[in-house]
Amino acid sequence: PIRHVIPVDVRQSMANGGGPACLRLRVVCDPANVDPRFLLDRPRCFVATLLRSHLQAKEARNPMTTIADFTVTNNRGEEIDLATKQGKVLLVVNTASKCGFTPQYDGLEELYQQFKDRDFEVLGFPCNQFGAQEPGNADEIAEFCKVNFGVTFPLMAKIDVNGPDASPLFDWMRQEKKGLLGSTSIKWNFTKFLIDRDGNVVKRYAPQDAPKTIAKDIEKLL
């Protein structure tokens, strides 16, 4: 790793009556103690050039996280690389079959039908963490959604959305857009996250927010 550098010939050069026109620089300490960025406003300094290149390369190696960085599993046990969803507007929802908000499946399916031809998709993630309201297996959940609500949008494998076993996708989304009073935890079933075409979390919706109220926000992103 690049470390902080200091001039080692300045004092001698000054003592000889000259100016420090050409400084030798030596690595001496860790940037945890002294930030090397202070050199970056000296464009003629060779070390500044090296440091600038180092920082730019570091940023290139660590780009901002988007939904494309995650892989999930669908309800058939198949891995889905969410990079394949890049370019689409997504509504990601944690769902449950025995919840007071379960009728929102109707509204979610309506949104899907309304916008699917314009590269919009709903992703449903069953979760049993809230009142044990999603006890079924993948086949039972899919059958319930199809028979009762005519769901055709993709359903994923059952996941946790909070705690040590939480889905990395939901971990990321809830940090990107916090809930009431800055809370990061998911409070209940049918919390919704709107993702733009670039894979960024645009907005978080509470369980009580009806899907139809989200239509105008989806429209803006399409």
# chains A, B, ... in the order shown; residues from 1 in each chain; ligands from 1
$ residues_around --residues "A:Val92" --least-positions-apart "5" --cutoff "10 Å" --atoms "only C-alpha atoms" --output "CSV table (one decimal) with C-alpha atoms, in the first residue's frame"
chain,number,residue,atom,x,y,z
A,121,GLU,CA,-40.6,-6.2,-13.0
A,122,VAL,CA,-41.8,-7.1,-9.6
A,123,LEU,CA,-39.7,-9.5,-7.6
A,124,GLY,CA,-41.5,-11.2,-4.7
A,125,PHE,CA,-39.4,-12.7,-1.8
A,169,LEU,CA,-29.8,-8.1,-1.2
A,170,PHE,CA,-32.1,-6.9,1.6
A,173,MET,CA,-31.4,-2.2,0.2
A,190,PHE,CA,-44.8,-6.1,2.1
A,191,THR,CA,-42.0,-3.6,2.6
A,192,LYS,CA,-41.2,-2.5,-0.9
A,193,PHE,CA,-38.0,-1.1,-2.6
A,194,LEU,CA,-38.0,0.7,-6.0
A,195,ILE,CA,-34.9,0.2,-8.1
A,201,VAL,CA,-32.4,2.0,-4.7
A,204,ARG,CA,-38.6,2.5,0.2
$ residues_around --residues "A:Lys85" --least-positions-apart "3" --cutoff "12 Å" --atoms "only C-alpha atoms" --output "MDAnalysis selection string"
chainID A and resid 66:72 80:82 88:92 119:123 195:200
$ write_last_selection --atoms "N, CA and C atoms" --output "short mmCIF file (atom, residue, chain, number, x, y, z; two decimals), in the first residue's frame"
data_model
loop_
_atom_site.label_atom_id
_atom_site.label_comp_id
_atom_site.auth_asym_id
_atom_site.auth_seq_id
_atom_site.Cartn_x
_atom_site.Cartn_y
_atom_site.Cartn_z
N THR A 66 -24.52 -1.80 -6.73
CA THR A 66 -25.85 -1.73 -7.31
C THR A 66 -26.49 -3.11 -7.19
N ILE A 67 -27.73 -3.23 -7.62
CA ILE A 67 -28.42 -4.51 -7.54
C ILE A 67 -27.72 -5.56 -8.41
N ALA A 68 -26.95 -5.11 -9.39
CA ALA A 68 -26.23 -6.04 -10.27
C ALA A 68 -25.16 -6.84 -9.55
N ASP A 69 -24.82 -6.44 -8.34
CA ASP A 69 -23.78 -7.13 -7.57
C ASP A 69 -24.32 -8.32 -6.78
N PHE A 70 -25.60 -8.62 -6.91
CA PHE A 70 -26.22 -9.65 -6.08
C PHE A 70 -26.77 -10.81 -6.92
N THR A 71 -26.76 -11.97 -6.30
CA THR A 71 -27.38 -13.16 -6.88
C THR A 71 -28.43 -13.67 -5.92
N VAL A 72 -29.58 -14.05 -6.44
CA VAL A 72 -30.66 -14.57 -5.60
C VAL A 72 -31.09 -15.93 -6.16
N ILE A 80 -30.30 -16.65 -9.81
CA ILE A 80 -30.56 -15.55 -10.72
C ILE A 80 -29.53 -14.46 -10.46
N ASP A 81 -28.71 -14.20 -11.45
CA ASP A 81 -27.75 -13.10 -11.36
C ASP A 81 -28.52 -11.81 -11.65
N LEU A 82 -28.61 -10.94 -10.66
CA LEU A 82 -29.41 -9.74 -10.84
C LEU A 82 -28.78 -8.73 -11.80
N LYS A 88 -33.66 -2.58 -16.17
CA LYS A 88 -35.08 -2.64 -15.84
C LYS A 88 -35.36 -1.82 -14.58
N VAL A 89 -36.60 -1.39 -14.45
CA VAL A 89 -37.07 -0.82 -13.19
C VAL A 89 -37.69 -1.97 -12.40
N LEU A 90 -37.29 -2.09 -11.13
CA LEU A 90 -37.73 -3.22 -10.31
C LEU A 90 -38.44 -2.74 -9.05
N LEU A 91 -39.43 -3.52 -8.64
CA LEU A 91 -40.03 -3.34 -7.33
C LEU A 91 -39.80 -4.63 -6.56
N VAL A 92 -38.99 -4.56 -5.51
CA VAL A 92 -38.60 -5.73 -4.72
C VAL A 92 -39.40 -5.72 -3.42
N ASP A 119 -40.21 -2.75 -19.57
CA ASP A 119 -39.04 -3.18 -18.79
C ASP A 119 -39.21 -2.89 -17.30
N PHE A 120 -40.34 -3.28 -16.77
CA PHE A 120 -40.59 -3.22 -15.34
C PHE A 120 -40.88 -4.62 -14.83
N GLU A 121 -40.42 -4.91 -13.61
CA GLU A 121 -40.64 -6.23 -13.05
C GLU A 121 -40.82 -6.12 -11.54
N VAL A 122 -41.69 -6.97 -11.02
CA VAL A 122 -41.85 -7.14 -9.57
C VAL A 122 -41.11 -8.41 -9.18
N LEU A 123 -40.35 -8.35 -8.10
CA LEU A 123 -39.68 -9.54 -7.56
C LEU A 123 -40.22 -9.78 -6.15
N ILE A 195 -36.26 0.16 -7.50
CA ILE A 195 -34.91 0.17 -8.06
C ILE A 195 -34.95 0.78 -9.46
N ASP A 196 -34.04 1.70 -9.75
CA ASP A 196 -34.05 2.32 -11.08
C ASP A 196 -33.29 1.48 -12.10
N ARG A 197 -33.22 1.95 -13.33
CA ARG A 197 -32.60 1.19 -14.41
C ARG A 197 -31.09 0.98 -14.20
N ASP A 198 -30.48 1.85 -13.40
CA ASP A 198 -29.05 1.71 -13.11
C ASP A 198 -28.78 0.80 -11.92
N GLY A 199 -29.83 0.26 -11.33
CA GLY A 199 -29.65 -0.67 -10.21
C GLY A 199 -29.56 -0.02 -8.86
N ASN A 200 -29.95 1.25 -8.75
CA ASN A 200 -29.89 1.97 -7.49
C ASN A 200 -31.25 1.95 -6.78
#
$ closest_residue --among "A:Glu143, A:Glu134, A:Glu110, A:Glu79" --to "A:Thr213" --atoms "only C-alpha atoms"
A:Glu110
$ atom_distance --atom1 "atom CA of A:Asp160" --atom2 "atom CA of A:Cys145"
19.4 Å
$ residues_around --residues "A:Trp188" --least-positions-apart "3" --cutoff "12 Å" --atoms "only C-alpha atoms" --output "list in words"
Val93, Asn94, Thr95, Ala96, Cys99, Gly100, Phe101, Thr102, Pro126, Cys127, Asn128, Gln129, Phe130, Gly131, Ala132, Gln133, Glu134, Asp160, Val161, Asn162, Gly179, Ser185, Thr191, Lys192, Tyr205, Ala206, Pro207, Gln208 and Asp209 of chain A
$ closest_residue --among "A:Glu176, A:Asp117, A:Glu109, A:Glu219" --to "A:Val202" --atoms "only C-alpha atoms"
A:Glu176
$ atom_distance --atom1 "atom CA of A:Ile141" --atom2 "atom CA of A:Ala157"
9.7 Å
$ select_by_dssp --residues "stretch 46-210 of chain A" --states "helix (DSSP H, G or I)" --output "ChimeraX atom specification"
/A:46-61,67-69,82-85,104-118,138-149,168-176,180-182
